[in-house]
Each structure stands twice: as structure tokens, then as C-alpha cells.
>>> print(open('protein_37.cif').read())   # mmCIF, C-alpha atoms
data_coords
#
loop_
_atom_site.label_atom_id
_atom_site.label_comp_id
_atom_site.auth_asym_id
_atom_site.auth_seq_id
_atom_site.Cartn_x
_atom_site.Cartn_y
_atom_site.Cartn_z
CA MET K 168 20.23 -15.14 1.21
CA SER K 169 18.88 -16.63 4.45
CA ALA K 170 22.45 -16.97 5.82
CA LEU K 171 23.09 -13.25 5.32
CA LYS K 172 23.32 -11.45 8.66
CA SER K 173 23.56 -7.75 9.42
CA PHE K 174 26.07 -6.28 11.85
CA ILE K 175 23.16 -4.14 13.06
CA PRO K 176 21.01 -6.06 15.57
CA VAL K 177 17.59 -6.90 14.10
CA ALA K 178 14.80 -8.30 16.27
CA LYS K 179 13.16 -11.46 14.97
CA GLU K 180 9.78 -9.74 14.64
CA SER K 181 11.26 -6.71 12.85
CA HIS K 182 9.89 -5.98 9.38
CA PHE K 183 13.30 -4.84 8.20
CA PRO K 184 16.00 -7.53 8.25
CA ILE K 185 18.92 -7.42 5.85
CA GLN K 186 16.88 -9.63 3.49
CA ASN K 187 14.42 -6.77 2.98
CA ILE K 188 16.20 -3.40 2.38
CA PRO K 189 13.11 -1.27 1.59
CA PHE K 190 13.59 2.23 0.20
CA GLY K 191 12.10 5.42 1.61
CA VAL K 192 12.64 9.14 2.19
CA PHE K 193 13.42 10.70 5.57
CA SER K 194 14.73 13.77 7.36
CA THR K 195 15.87 14.61 10.89
CA SER K 196 16.38 17.73 12.99
CA GLN K 197 20.02 17.72 11.84
CA LYS K 198 19.40 16.48 8.30
CA THR K 199 16.58 18.85 7.44
CA SER K 200 16.59 18.20 3.69
CA PRO K 201 14.71 14.97 2.93
CA ARG K 202 16.88 12.30 1.34
CA VAL K 203 16.74 8.61 0.44
CA GLY K 204 17.42 5.86 2.95
CA VAL K 205 16.75 2.18 3.54
CA ALA K 206 15.36 0.59 6.67
CA ILE K 207 17.46 -1.95 8.56
CA GLY K 208 16.12 -3.12 11.92
CA ASP K 209 15.22 0.00 13.92
CA GLN K 210 17.73 2.11 11.97
CA ILE K 211 17.83 4.00 8.67
CA LEU K 212 20.88 3.83 6.44
CA ASP K 213 21.36 7.26 4.87
CA LEU K 214 22.16 6.57 1.22
CA TYR K 215 23.29 10.15 0.60
CA GLU K 216 26.02 9.71 3.22
CA ILE K 217 26.96 6.29 1.84
CA ALA K 218 27.13 7.68 -1.69
CA SER K 219 29.14 10.67 -0.53
CA ALA K 220 31.68 8.25 0.92
CA GLY K 221 32.01 6.58 -2.49
CA LEU K 222 30.67 3.22 -1.33
CA LEU K 223 28.17 2.94 -4.22
CA SER K 224 30.50 4.00 -7.01
CA SER K 225 30.79 0.43 -8.29
CA VAL K 226 27.05 0.00 -8.92
CA GLN K 227 26.75 -0.11 -12.69
CA GLY K 228 24.13 2.25 -14.13
CA LEU K 229 23.58 4.20 -10.92
CA GLY K 230 25.58 7.18 -12.15
CA ASP K 231 25.97 10.05 -9.70
CA ALA K 232 24.73 8.21 -6.61
CA LYS K 233 25.09 11.29 -4.44
CA ALA K 234 22.74 13.23 -6.72
CA VAL K 235 20.28 10.32 -6.98
CA PHE K 236 19.99 9.75 -3.24
CA GLY K 237 20.20 13.38 -2.17
CA GLN K 238 16.75 14.01 -3.64
CA SER K 239 13.48 14.22 -1.73
CA SER K 240 11.89 11.42 -3.72
CA LEU K 241 12.78 8.06 -5.24
CA ASN K 242 11.58 8.99 -8.72
CA THR K 243 15.03 9.35 -10.29
CA PHE K 244 16.21 6.06 -8.79
CA MET K 245 12.99 4.39 -9.94
CA SER K 246 13.61 5.55 -13.50
CA LEU K 247 16.97 3.73 -13.69
CA GLY K 248 15.41 0.28 -14.09
CA ARG K 249 15.35 -3.05 -12.30
CA PRO K 250 18.98 -4.08 -12.98
CA VAL K 251 20.12 -0.91 -11.16
CA TRP K 252 17.60 -1.37 -8.33
CA ARG K 253 18.79 -4.95 -7.89
CA ALA K 254 22.48 -4.10 -8.02
CA THR K 255 22.03 -1.23 -5.53
CA ARG K 256 20.10 -3.41 -3.10
CA SER K 257 22.78 -6.10 -3.34
CA ALA K 258 25.53 -3.55 -2.69
CA LEU K 259 23.67 -2.25 0.37
CA GLN K 260 23.24 -5.77 1.73
CA SER K 261 27.00 -6.28 1.39
CA LEU K 262 27.66 -3.02 3.24
CA LEU K 263 25.27 -3.97 6.05
CA ALA K 264 26.58 -7.51 6.40
CA GLU K 265 28.87 -8.62 9.18
CA ASN K 266 32.58 -7.85 8.68
CA SER K 267 31.82 -5.25 5.99
CA THR K 268 33.72 -2.05 5.30
CA LEU K 269 30.86 -0.09 6.83
CA GLU K 270 31.00 -2.06 10.07
CA GLU K 271 34.70 -1.28 10.32
CA ASN K 272 34.23 2.45 9.62
CA GLN K 273 32.97 3.75 12.94
CA GLU K 274 33.12 7.41 11.92
CA LEU K 275 30.96 6.84 8.82
CA ARG K 276 28.47 4.81 10.82
CA LYS K 277 27.93 7.81 13.10
CA HIS K 278 26.78 9.89 10.13
CA ALA K 279 25.11 7.19 8.02
CA LEU K 280 22.93 5.37 10.56
CA VAL K 281 19.89 7.16 11.95
CA PRO K 282 17.46 5.72 14.53
CA GLN K 283 14.01 5.45 12.98
CA ALA K 284 12.53 6.83 16.20
CA THR K 285 14.28 10.17 15.63
CA ALA K 286 13.46 10.49 11.91
CA GLN K 287 10.52 11.97 10.07
CA LEU K 288 9.37 9.77 7.21
CA HIS K 289 8.01 11.33 4.03
CA LEU K 290 6.16 10.13 0.96
CA PRO K 291 8.71 7.95 -0.82
CA ALA K 292 7.88 9.27 -4.29
CA THR K 293 6.35 12.21 -6.09
CA ILE K 294 3.15 10.51 -7.23
CA GLY K 295 2.09 11.86 -10.61
CA ASP K 296 -0.94 9.62 -11.05
CA TYR K 297 -2.81 7.20 -8.81
CA THR K 298 -5.08 4.39 -9.99
CA ASP K 299 -7.18 2.24 -7.68
CA PHE K 300 -8.27 -1.21 -8.82
CA TYR K 301 -11.07 -3.47 -7.60
CA SER K 302 -9.25 -6.80 -7.77
CA SER K 303 -10.54 -8.91 -4.88
CA ARG K 304 -13.33 -11.25 -5.94
CA GLU K 305 -14.38 -11.76 -2.33
CA HIS K 306 -14.72 -8.02 -1.72
CA ALA K 307 -16.48 -7.34 -5.02
CA THR K 308 -18.87 -10.21 -4.36
CA ASN K 309 -19.65 -9.08 -0.82
CA VAL K 310 -20.37 -5.51 -1.88
CA GLY K 311 -22.38 -6.72 -4.86
CA ILE K 312 -24.56 -8.94 -2.67
CA MET K 313 -25.26 -6.05 -0.30
CA PHE K 314 -26.37 -3.65 -3.02
CA ARG K 315 -27.57 -5.81 -5.93
CA GLY K 316 -28.35 -9.22 -4.47
CA LYS K 317 -26.60 -12.57 -4.74
CA ASP K 318 -27.65 -13.26 -8.33
CA ASN K 319 -26.11 -10.01 -9.60
CA ALA K 320 -23.19 -9.65 -7.21
CA LEU K 321 -20.49 -9.34 -9.88
CA GLN K 322 -20.95 -7.02 -12.84
CA PRO K 323 -20.69 -8.78 -16.25
CA ASN K 324 -17.21 -7.37 -16.93
CA TRP K 325 -15.61 -8.23 -13.59
CA LEU K 326 -14.27 -11.70 -14.45
CA HIS K 327 -12.87 -10.45 -17.78
CA LEU K 328 -10.74 -7.45 -16.77
CA PRO K 329 -9.21 -5.69 -13.73
CA VAL K 330 -11.74 -2.96 -12.97
CA GLY K 331 -10.17 0.32 -11.87
CA TYR K 332 -10.63 4.07 -11.63
CA HIS K 333 -8.33 7.07 -11.42
CA GLY K 334 -7.82 8.35 -7.89
CA ARG K 335 -6.45 11.59 -6.51
CA SER K 336 -2.67 11.64 -6.08
CA SER K 337 -2.60 14.99 -4.25
CA SER K 338 -4.30 13.49 -1.19
CA VAL K 339 -2.03 10.45 -0.87
CA VAL K 340 -0.28 10.88 2.50
CA VAL K 341 2.38 9.03 4.44
CA SER K 342 1.63 6.91 7.49
CA GLY K 343 1.08 8.98 10.63
CA THR K 344 -0.79 11.79 8.88
CA ASP K 345 -4.15 12.65 10.45
CA ILE K 346 -7.26 12.40 8.25
CA HIS K 347 -10.11 14.90 8.55
CA ARG K 348 -13.59 13.44 8.28
CA PRO K 349 -14.87 14.40 4.82
CA SER K 350 -18.11 16.25 4.13
CA GLY K 351 -20.39 16.10 1.14
CA GLN K 352 -23.86 15.24 -0.04
CA ARG K 353 -25.62 12.19 1.35
CA LEU K 354 -29.13 10.82 1.67
CA LEU K 355 -30.81 10.66 5.06
CA SER K 356 -32.73 7.54 4.06
CA LYS K 357 -33.60 5.45 1.02
CA ASP K 358 -37.13 6.81 1.18
CA ASN K 359 -36.05 10.45 0.93
CA PRO K 360 -34.61 11.36 -2.49
CA ASN K 361 -33.38 14.80 -1.40
CA PRO K 362 -29.73 14.97 -0.31
CA VAL K 363 -28.34 16.97 2.58
CA TYR K 364 -24.83 18.34 3.11
CA GLY K 365 -22.81 17.27 6.11
CA ALA K 366 -19.94 15.27 7.50
CA SER K 367 -19.84 11.62 6.52
CA LEU K 368 -21.45 9.29 9.04
CA LYS K 369 -20.12 6.13 7.40
CA LEU K 370 -16.36 6.63 7.31
CA ASP K 371 -14.58 3.41 6.42
CA ILE K 372 -11.16 1.90 5.77
CA GLU K 373 -9.98 -0.21 2.87
CA LEU K 374 -7.20 -2.75 3.36
CA GLU K 375 -5.10 -2.58 0.19
CA VAL K 376 -1.61 -3.09 -1.19
CA GLY K 377 -0.11 -0.45 -3.45
CA TRP K 378 2.59 -0.77 -6.08
CA PHE K 379 4.85 1.83 -7.64
CA VAL K 380 5.83 2.12 -11.27
CA GLY K 381 9.57 2.21 -11.81
CA THR K 382 10.30 2.49 -15.50
CA GLY K 383 7.32 3.55 -17.57
CA ASN K 384 6.30 3.25 -21.21
CA LYS K 385 5.83 5.65 -24.10
CA PRO K 386 2.37 7.00 -25.03
CA GLY K 387 0.66 4.63 -27.44
CA SER K 388 2.69 1.61 -26.32
CA ALA K 389 1.75 -1.19 -23.95
CA ILE K 390 3.65 -3.14 -21.29
CA ASP K 391 3.52 -6.86 -22.06
CA ILE K 392 2.45 -8.95 -19.08
CA LYS K 393 5.60 -11.07 -19.31
CA ASP K 394 7.67 -7.88 -18.80
CA ALA K 395 5.44 -6.23 -16.22
CA LYS K 396 7.59 -7.10 -13.17
CA GLU K 397 10.51 -5.26 -14.72
CA HIS K 398 8.44 -2.06 -14.55
CA ILE K 399 7.24 -2.38 -10.93
CA PHE K 400 9.62 -0.91 -8.35
CA GLY K 401 7.94 -2.32 -5.27
CA MET K 402 4.93 -2.37 -2.96
CA VAL K 403 3.48 -0.55 0.07
CA ILE K 404 0.47 -1.02 2.33
CA VAL K 405 -2.47 1.27 1.51
CA ASN K 406 -5.51 2.47 3.45
CA ASP K 407 -7.82 4.02 0.88
CA TRP K 408 -10.23 5.72 3.29
CA SER K 409 -13.82 5.72 2.06
CA ALA K 410 -16.94 7.73 2.94
CA ARG K 411 -19.60 5.15 2.15
CA ASP K 412 -22.64 7.43 2.45
CA ILE K 413 -21.16 10.14 0.21
CA GLN K 414 -19.97 7.53 -2.28
CA ALA K 415 -23.33 5.75 -2.42
CA TRP K 416 -25.11 8.94 -3.53
CA GLU K 417 -22.53 10.24 -5.99
CA TYR K 418 -21.01 7.22 -7.75
CA VAL K 419 -23.57 6.72 -10.56
CA PRO K 420 -22.66 6.95 -13.40
CA LEU K 421 -18.95 7.85 -13.27
CA GLY K 422 -17.75 6.24 -10.04
CA PRO K 423 -16.42 7.57 -6.71
CA PHE K 424 -15.49 11.21 -6.28
CA LEU K 425 -15.73 13.04 -2.91
CA GLY K 426 -16.26 9.72 -1.16
CA LYS K 427 -12.69 8.71 -2.02
CA ASN K 428 -10.59 11.79 -2.84
CA PHE K 429 -10.03 13.17 0.68
CA GLY K 430 -7.24 10.83 1.80
CA THR K 431 -5.21 7.73 1.01
CA THR K 432 -2.58 6.61 3.52
CA ILE K 433 0.47 4.57 2.53
CA SER K 434 3.28 2.95 4.50
CA PRO K 435 6.56 4.87 4.06
CA TRP K 436 8.89 2.06 2.97
CA ILE K 437 8.69 0.59 -0.54
CA VAL K 438 9.51 -3.11 -0.45
CA THR K 439 11.06 -4.29 -3.71
CA LEU K 440 9.71 -7.22 -5.69
CA ASP K 441 13.09 -8.91 -5.28
CA ALA K 442 12.64 -8.89 -1.50
CA LEU K 443 9.21 -10.48 -1.93
CA GLU K 444 10.17 -13.04 -4.58
CA GLU K 445 10.31 -16.02 -2.19
CA PHE K 446 6.67 -15.38 -1.24
CA VAL K 447 5.29 -15.65 -4.79
CA VAL K 448 2.54 -18.29 -5.03
CA GLN K 449 -0.09 -19.41 -7.48
CA GLY K 450 -3.14 -17.16 -7.40
CA PRO K 451 -6.83 -18.07 -7.70
CA ILE K 452 -7.95 -20.02 -10.76
CA GLN K 453 -9.30 -17.56 -13.33
CA LEU K 454 -12.43 -18.68 -15.16
CA PRO K 455 -13.34 -17.73 -17.79
CA GLU K 456 -9.79 -17.76 -19.11
CA PRO K 457 -8.46 -14.20 -19.49
CA LEU K 458 -7.79 -12.74 -22.90
CA ASP K 459 -4.28 -13.30 -24.23
CA TYR K 460 -2.84 -9.97 -23.06
CA LEU K 461 -3.85 -10.84 -19.47
CA LYS K 462 -2.70 -14.48 -19.42
CA GLU K 463 -0.03 -15.25 -16.85
CA SER K 464 2.58 -17.91 -17.63
CA VAL K 465 4.09 -18.01 -14.11
CA PRO K 466 2.71 -17.69 -10.55
CA SER K 467 2.02 -14.04 -9.76
CA ALA K 468 0.26 -13.86 -6.37
CA TYR K 469 1.99 -13.01 -3.09
CA ASN K 470 1.58 -14.81 0.22
CA ILE K 471 1.58 -11.68 2.38
CA ASP K 472 -0.38 -11.63 5.63
CA LEU K 473 -2.50 -8.52 6.11
CA ARG K 474 -4.11 -7.20 9.27
CA VAL K 475 -6.48 -4.42 10.34
CA ASP K 476 -5.88 -2.97 13.82
CA ILE K 477 -8.07 -0.27 15.35
CA LYS K 478 -7.64 1.84 18.47
CA PRO K 479 -11.01 3.39 19.29
CA ALA K 480 -11.01 6.88 20.71
CA GLU K 481 -12.19 5.42 24.04
CA SER K 482 -9.32 2.93 24.24
CA THR K 483 -5.59 3.00 24.97
CA HIS K 484 -4.55 0.08 22.76
CA PHE K 485 -4.98 -1.36 19.29
CA GLN K 486 -7.19 -4.38 18.65
CA THR K 487 -7.12 -6.64 15.59
CA ILE K 488 -10.47 -6.82 13.81
CA SER K 489 -9.49 -8.59 10.58
CA LYS K 490 -6.77 -10.82 9.12
CA SER K 491 -6.50 -11.32 5.37
CA ASN K 492 -3.85 -12.25 2.81
CA MET K 493 -2.79 -10.85 -0.55
CA LYS K 494 -2.79 -14.34 -2.08
CA TYR K 495 -6.59 -14.23 -2.34
CA MET K 496 -6.47 -11.38 -4.88
CA TYR K 497 -8.03 -12.44 -8.20
CA TRP K 498 -6.28 -10.01 -10.57
CA SER K 499 -2.50 -9.82 -10.03
CA ILE K 500 -0.44 -6.63 -9.98
CA THR K 501 1.15 -7.64 -13.30
CA GLN K 502 -2.29 -8.10 -14.85
CA GLN K 503 -3.27 -4.71 -13.47
CA LEU K 504 -0.26 -3.05 -15.12
CA ALA K 505 -0.74 -4.87 -18.43
CA HIS K 506 -4.41 -3.85 -18.55
CA HIS K 507 -3.63 -0.25 -17.53
CA THR K 508 -1.33 0.19 -20.52
CA VAL K 509 -2.98 -2.00 -23.17
CA GLY K 510 -4.87 0.99 -24.57
CA GLY K 511 -1.67 3.03 -24.89
CA CYS K 512 -1.66 4.79 -21.51
CA ASN K 513 1.85 5.88 -20.59
CA MET K 514 3.01 5.14 -17.04
CA ARG K 515 5.74 7.22 -15.40
CA PRO K 516 8.24 6.65 -12.60
CA GLY K 517 6.49 7.25 -9.29
CA ASP K 518 2.97 6.50 -10.50
CA MET K 519 1.09 4.48 -7.90
CA CYS K 520 -1.61 1.87 -8.26
CA ALA K 521 -3.52 0.08 -5.51
CA THR K 522 -5.19 -3.30 -5.52
CA GLY K 523 -8.56 -2.36 -4.10
CA THR K 524 -9.84 -3.83 -0.84
CA LEU K 525 -8.32 -7.26 -0.17
CA SER K 526 -10.86 -9.46 1.58
CA GLY K 527 -10.45 -13.13 2.33
CA PRO K 528 -13.09 -15.89 2.19
CA GLU K 529 -14.08 -15.77 5.89
CA LYS K 530 -15.95 -13.09 7.82
CA ASP K 531 -12.94 -12.31 9.98
CA SER K 532 -10.83 -11.71 6.86
CA TYR K 533 -12.91 -8.93 5.32
CA GLY K 534 -10.93 -5.81 4.44
CA SER K 535 -13.48 -3.07 5.16
CA LEU K 536 -15.88 -2.10 7.93
CA LEU K 537 -18.70 -2.17 5.37
CA GLU K 538 -18.18 -5.91 5.03
CA LEU K 539 -17.40 -6.58 8.68
CA ASN K 540 -20.68 -4.92 9.73
CA TRP K 541 -22.48 -6.11 6.58
CA SER K 542 -23.76 -2.69 5.59
CA GLY K 543 -24.69 -1.75 9.13
CA ALA K 544 -26.48 -4.97 10.10
CA ASN K 545 -23.89 -6.24 12.59
CA LYS K 546 -22.03 -4.14 15.14
CA ILE K 547 -18.29 -4.72 15.46
CA MET K 548 -17.70 -5.61 19.10
CA LEU K 549 -14.43 -4.42 20.62
CA ALA K 550 -12.86 -4.71 24.06
CA GLU K 551 -14.14 -2.75 27.05
CA GLY K 552 -17.69 -2.74 25.67
CA VAL K 553 -16.82 -0.50 22.71
CA GLU K 554 -18.90 -0.94 19.57
CA ARG K 555 -18.43 0.31 16.04
CA LEU K 556 -20.24 0.32 12.74
CA PHE K 557 -18.02 2.93 11.12
CA LEU K 558 -15.16 5.14 12.32
CA GLN K 559 -15.65 7.80 14.96
CA ASP K 560 -13.55 10.94 15.47
CA GLY K 561 -10.43 10.06 17.43
CA ASP K 562 -10.26 6.47 16.16
CA GLN K 563 -6.90 5.29 14.89
CA VAL K 564 -6.39 2.55 12.31
CA ASN K 565 -3.17 0.71 11.52
CA LEU K 566 -2.91 -1.63 8.54
CA VAL K 567 -0.08 -4.13 8.76
CA GLY K 568 1.44 -6.45 6.17
CA TYR K 569 4.30 -8.92 6.32
CA ALA K 570 5.48 -12.33 5.14
CA ASP K 571 7.36 -14.81 7.35
CA SER K 572 10.16 -16.76 5.71
CA PRO K 573 10.83 -20.41 6.61
CA SER K 574 14.39 -19.20 7.20
CA GLY K 575 13.24 -17.30 10.27
CA TYR K 576 13.06 -13.67 9.20
CA ARG K 577 10.09 -11.43 8.41
CA ILE K 578 9.72 -9.16 5.38
CA GLY K 579 7.30 -6.35 6.20
CA PHE K 580 6.19 -2.85 5.29
CA GLY K 581 6.02 -1.08 8.65
CA ASP K 582 2.99 0.87 9.84
CA CYS K 583 0.21 2.34 7.73
CA ILE K 584 -1.51 4.38 10.39
CA GLY K 585 -3.96 7.26 10.46
CA LYS K 586 -6.17 9.02 13.01
CA ILE K 587 -9.60 10.47 12.25
CA LEU K 588 -10.10 14.14 13.13
CA PRO K 589 -13.41 16.02 13.01
CA SER K 590 -14.50 17.55 9.72
CA SER K 591 -12.79 20.87 9.04
CA SER K 592 -15.32 21.94 6.39
CA SER K 593 -17.40 25.02 7.00
CA LYS K 594 -21.14 24.57 7.16
CA HIS K 595 -23.09 24.64 3.91
CA THR K 596 -26.58 23.75 2.87
#
>>> encode(input="protein_37.cif", output="C-alpha cells")
Amino acid sequence: MSALKSFIPVAKESHFPIQNIPFGVFSTSQKTSPRVGVAIGDQILDLYEIASAGLLSSVQGLGDAKAVFGQSSLNTFMSLGRPVWRATRSALQSLLAENSTLEENQELRKHALVPQATAQLHLPATIGDYTDFYSSREHATNVGIMFRGKDNALQPNWLHLPVGYHGRSSSVVVSGTDIHRPSGQRLLSKDNPNPVYGASLKLDIELEVGWFVGTGNKPGSAIDIKDAKEHIFGMVIVNDWSARDIQAWEYVPLGPFLGKNFGTTISPWIVTLDALEEFVVQGPIQLPEPLDYLKESVPSAYNIDLRVDIKPAESTHFQTISKSNMKYMYWSITQQLAHHTVGGCNMRPGDMCATGTLSGPEKDSYGSLLELNWSGANKIMLAEGVERLFLQDGDQVNLVGYADSPSGYRIGFGDCIGKILPSSSSKHT
């Protein structure tokens, strides 16, 4: 695979070499109906055009490729199963390789290749349900120490199961979408038990990785952990924005609500598990030993570098404030899926789950402002004398994830970016 080379020039630092081939949905001023494409370098290969030319007719199980890739979401393609995903990706790599039929067909290339800079990217799937997990031991421990003390940092269940809650799929947005500051109830101080209504003053980010369900399961059935990868289409970067002051007041006893349901940003390109296979590593040792349905027999963590960049409203450039890695995550994505379904919950193509904040072991690897400022105790110092505890209106945040291969290419997810706008809520008391 490392010897494979695209006829399309791909910069070394690009997230989208021919070894990646991530799937997404796009439109242009000429192609106004969103359709499926894959990223290659700084271009998009329009799969509707490729299918219309008959170049995917040999992919077994794909069926009517023109109908599959002419849709405004990947859901139908996701439902076809991993053998079809794999065969399609392989066929596309062959088409994009040097000396391919596509390289020789100049007329088709004019219609099928679109510069990313001229395209509008859309949500890659129609997300029926969204579940957010809490799978980083470092993050859970840090938050627990802040609010319960070191001796009670982890709740009794945390080391026995992947903790999660159901999020709001309607407010999942694609990278580049502005986020309005949420409003809700919050306490003015710990000493005053009476809440007030207003815009959140503690707006935060959460550095996460999301994964999409491909083929689902029937109600009442479970997905065995040894088969879980066959049901996961691929991964994206996720910023699960969080209003810490609203969340702190509301979350007992049923968990987050307004503090989390106003916006979740994802990167637009879904990177397949096949593209990430060479970066699979052994995850953290799990003690106590998980119950049988959660036991992994093979390595299941991913060595993916993660980064938090912020551009304060006062600044003209992004600055990196944290570097983490997905390999630190305690509960794997396959354990998350196995646990999600063990009670009989049916998953459907296009359902999305996220890992929860992914913090590393060091202070400069924490995945949220809450941890970086340690609940407001330490200001985050930025260039040009700018300081932050939490996000201000006009701030922009970009979450970045990629893995560098020893063979010299980079597999990445592209941008996961959002800008904070003032609250649009009317005044209430």
C-alpha cells in the first residue's frame, strides 16, 4: 500500500493521500445537489460522476452505484457492509493511481475532480441517534478530582463499563458552522442556591473522536465484540461543545441537557477503519478485568495524534494549546459498541457515537479548557498577552487529528472548526 501513488499531486503534509480515501458529501455552485465524494489531496473525486461513467460497475455488492452515490448522505452506502466499503475503496484507489483509466480520460477528469476550495462540505450522514461516551480515564479522573476529590475521582462503575449518555443528533453540525453561545440556568456562586438565567460564562470545548455505525443490528440482539469492527464504517474528529456552568447546575440526577445539546461539530470526511488499520496499537491495561462481553482478544486502540488549536477573537492566527493521542483512551470503540448493544439496543446505519474528551497524562495533553485551567484556577496564556479561562465570543477552535505512517504519508481527518457567536436567545428571567 505504501508504494501506491496517485496521479493527483498530494503534498506530504496533506491528510488525504491515496492511502486514505475518506468519504464525505459535497456540493458546488454547478453541482447544487449534494452527492458523495472522496478526498484526494486538495481535490474531491465525485463518485456520482465516476459511477455514471460505469467505472464502479465491477464492485460486487454495490448495486446501482449511481443511485448510491447520488444521494445527499452516506447512509445507503454504509448499510451495504464492510466487504462493499472495502471493495469500493480499493477500486477508487486503482482509479486514482498513476497510469489508471481515469488519468487517461481527460474529459471525465474535468467533471469528476473538484477542488476542495470551491466545494461546500455537508454532514456526511443523516444521523438518527448520537451517543457520547466518557472513555478517557485521564479526563474522568481529572474532572472527578476537581468536583469530588482525589479519593473519589472515579465513580464505582467507571472501571467496569463504558459510561455514556444519549446526545442530541439534531444539533450535530459540520466543520465551519458557527456556534451560538448557549443560555440557560446557572448559579452565580456556590453560596447562593438560587439560579439565574443567562448566557453561559464557561463555554468549553471537548476534544473527541467520533465513529459511525455502518451495518446495524436487530432490536433485542447484540453485536459481539469480536465482530464490532465489521459494523463501524469509520471515524471523524468531534468537538462536543460544553457549557460547564449550565451543566454543573442541571446534570443531577439524569446527566447533561442544555449544557451539551446546543452544538456538536464534526469533521466532514469519514476515515475508514481500513485506512487506520496500520495505526492500531495495544491500549491501556484494563484492571479489573472487563466482563466477558467486553474482553478484547486483539489490540484495539489507535495511535492518532490529536491537537487543539484556538484563534482568540483578538488574534489573527491559531495557536496550539494541547496535544493528545487517541491511544490513551481506556475503553475502545469496539467495547463502546459492544456495550451499547448488549442490552438489545438496535443500531442503524448513520448512527454516531463519540468517545468523550480524550485527555493525555500530562497537563499539556488535556482535552478541555476545564482541565487546562483546572476549573478556573489557572489562566491559559496565549500569544500577544491574550488570556483565557473559557471561550469568548469571536473565538475560533480547530481540532485536528492525524497519524503519520513510517512510509512517509499522513492519514488525517481535515479540519473540525467552529466559531463562537453571541447568544441569540431572547432575555428571560
>>> resolve_selection(input="protein_37.cif", expression="the PyMOL selection byres ((chain K and resi 405-410) around 6)", output="compact mmCIF listing (two decimals) with C-alpha atoms, keeping the file's coordinate frame")
# COMPACT_ATOMS: atom_id res chain seq x y z
CA LYS K 369 -20.12 6.13 7.40
CA LEU K 370 -16.36 6.63 7.31
CA ASP K 371 -14.58 3.41 6.42
CA ILE K 372 -11.16 1.90 5.77
CA GLU K 373 -9.98 -0.21 2.87
CA LEU K 374 -7.20 -2.75 3.36
CA GLU K 375 -5.10 -2.58 0.19
CA VAL K 376 -1.61 -3.09 -1.19
CA GLY K 377 -0.11 -0.45 -3.45
CA ILE K 404 0.47 -1.02 2.33
CA ARG K 411 -19.60 5.15 2.15
CA ASP K 412 -22.64 7.43 2.45
CA ILE K 413 -21.16 10.14 0.21
CA GLY K 426 -16.26 9.72 -1.16
CA LYS K 427 -12.69 8.71 -2.02
CA THR K 431 -5.21 7.73 1.01
CA THR K 432 -2.58 6.61 3.52
CA ILE K 433 0.47 4.57 2.53
>>> residues_around(input="protein_37.cif", residues="Leu443 in chain K", least_positions_apart="4", cutoff="8 Å", atoms="all atoms listed in the file", output="number ranges by chain")
K: 438-439, 447, 469, 578
>>> residues_around(input="protein_37.cif", residues="Leu223 in chain K", least_positions_apart="5", cutoff="10 Å", atoms="only C-alpha atoms", output="VMD selection string")
chain K and resid 214 to 215 217 to 218 229 to 233 254 to 255 258 to 259 262
>>> write_last_selection(input="protein_37.cif", atoms="C-alpha atoms", output="mmCIF file, in the coordinates of the input")
data_model
loop_
_atom_site.group_PDB
_atom_site.id
_atom_site.type_symbol
_atom_site.label_atom_id
_atom_site.label_comp_id
_atom_site.auth_asym_id
_atom_site.auth_seq_id
_atom_site.Cartn_x
_atom_site.Cartn_y
_atom_site.Cartn_z
ATOM 1 C CA LEU K 214 22.160 6.570 1.220
ATOM 2 C CA TYR K 215 23.290 10.150 0.600
ATOM 3 C CA ILE K 217 26.960 6.290 1.840
ATOM 4 C CA ALA K 218 27.130 7.680 -1.690
ATOM 5 C CA LEU K 229 23.580 4.200 -10.920
ATOM 6 C CA GLY K 230 25.580 7.180 -12.150
ATOM 7 C CA ASP K 231 25.970 10.050 -9.700
ATOM 8 C CA ALA K 232 24.730 8.210 -6.610
ATOM 9 C CA LYS K 233 25.090 11.290 -4.440
ATOM 10 C CA ALA K 254 22.480 -4.100 -8.020
ATOM 11 C CA THR K 255 22.030 -1.230 -5.530
ATOM 12 C CA ALA K 258 25.530 -3.550 -2.690
ATOM 13 C CA LEU K 259 23.670 -2.250 0.370
ATOM 14 C CA LEU K 262 27.660 -3.020 3.240
#
>>> residues_around(input="protein_37.cif", residues="Val340 in chain K", least_positions_apart="3", cutoff="10 Å", atoms="all atoms listed in the file", output="MDAnalysis selection string")
chainID K and resid 289:290 336:337 343:346 405:406 430:435 585
>>> residues_around(input="protein_37.cif", residues="Leu328 in chain K", least_positions_apart="2", cutoff="9 Å", atoms="only C-alpha atoms", output="VMD selection string")
chain K and resid 324 to 326 330 457 to 458 461 498 502 to 503 506
>>> atom_distance(input="protein_37.cif", atom1="CA of Asn187 in chain K", atom2="CA of Pro573 in chain K")
14.6 Å
>>> atom_distance(input="protein_37.cif", atom1="CA of Pro349 in chain K", atom2="CA of Ser482 in chain K")
23.2 Å
>>> atom_distance(input="protein_37.cif", atom1="CA of Phe400 in chain K", atom2="CA of His327 in chain K")
26.2 Å
>>> closest_residue(input="protein_37.cif", among="K:Leu247, K:Leu421, K:Leu354, K:Cys583", to="Val226 in chain K", atoms="only C-alpha atoms")
K:Leu247
>>> residues_near_point(input="protein_37.cif", point="(9.6, 4.0, -10.4)", cutoff="8 Å", atoms="all atoms listed in the file", output="PyMOL selection string")
chain K and resi 241-246+248+379-383+398-400+515-518
>>> closest_residue(input="protein_37.cif", among="K:Asn384, K:Ser240, K:Asn266, K:Asn359", to="Phe190 in chain K", atoms="only C-alpha atoms")
K:Ser240
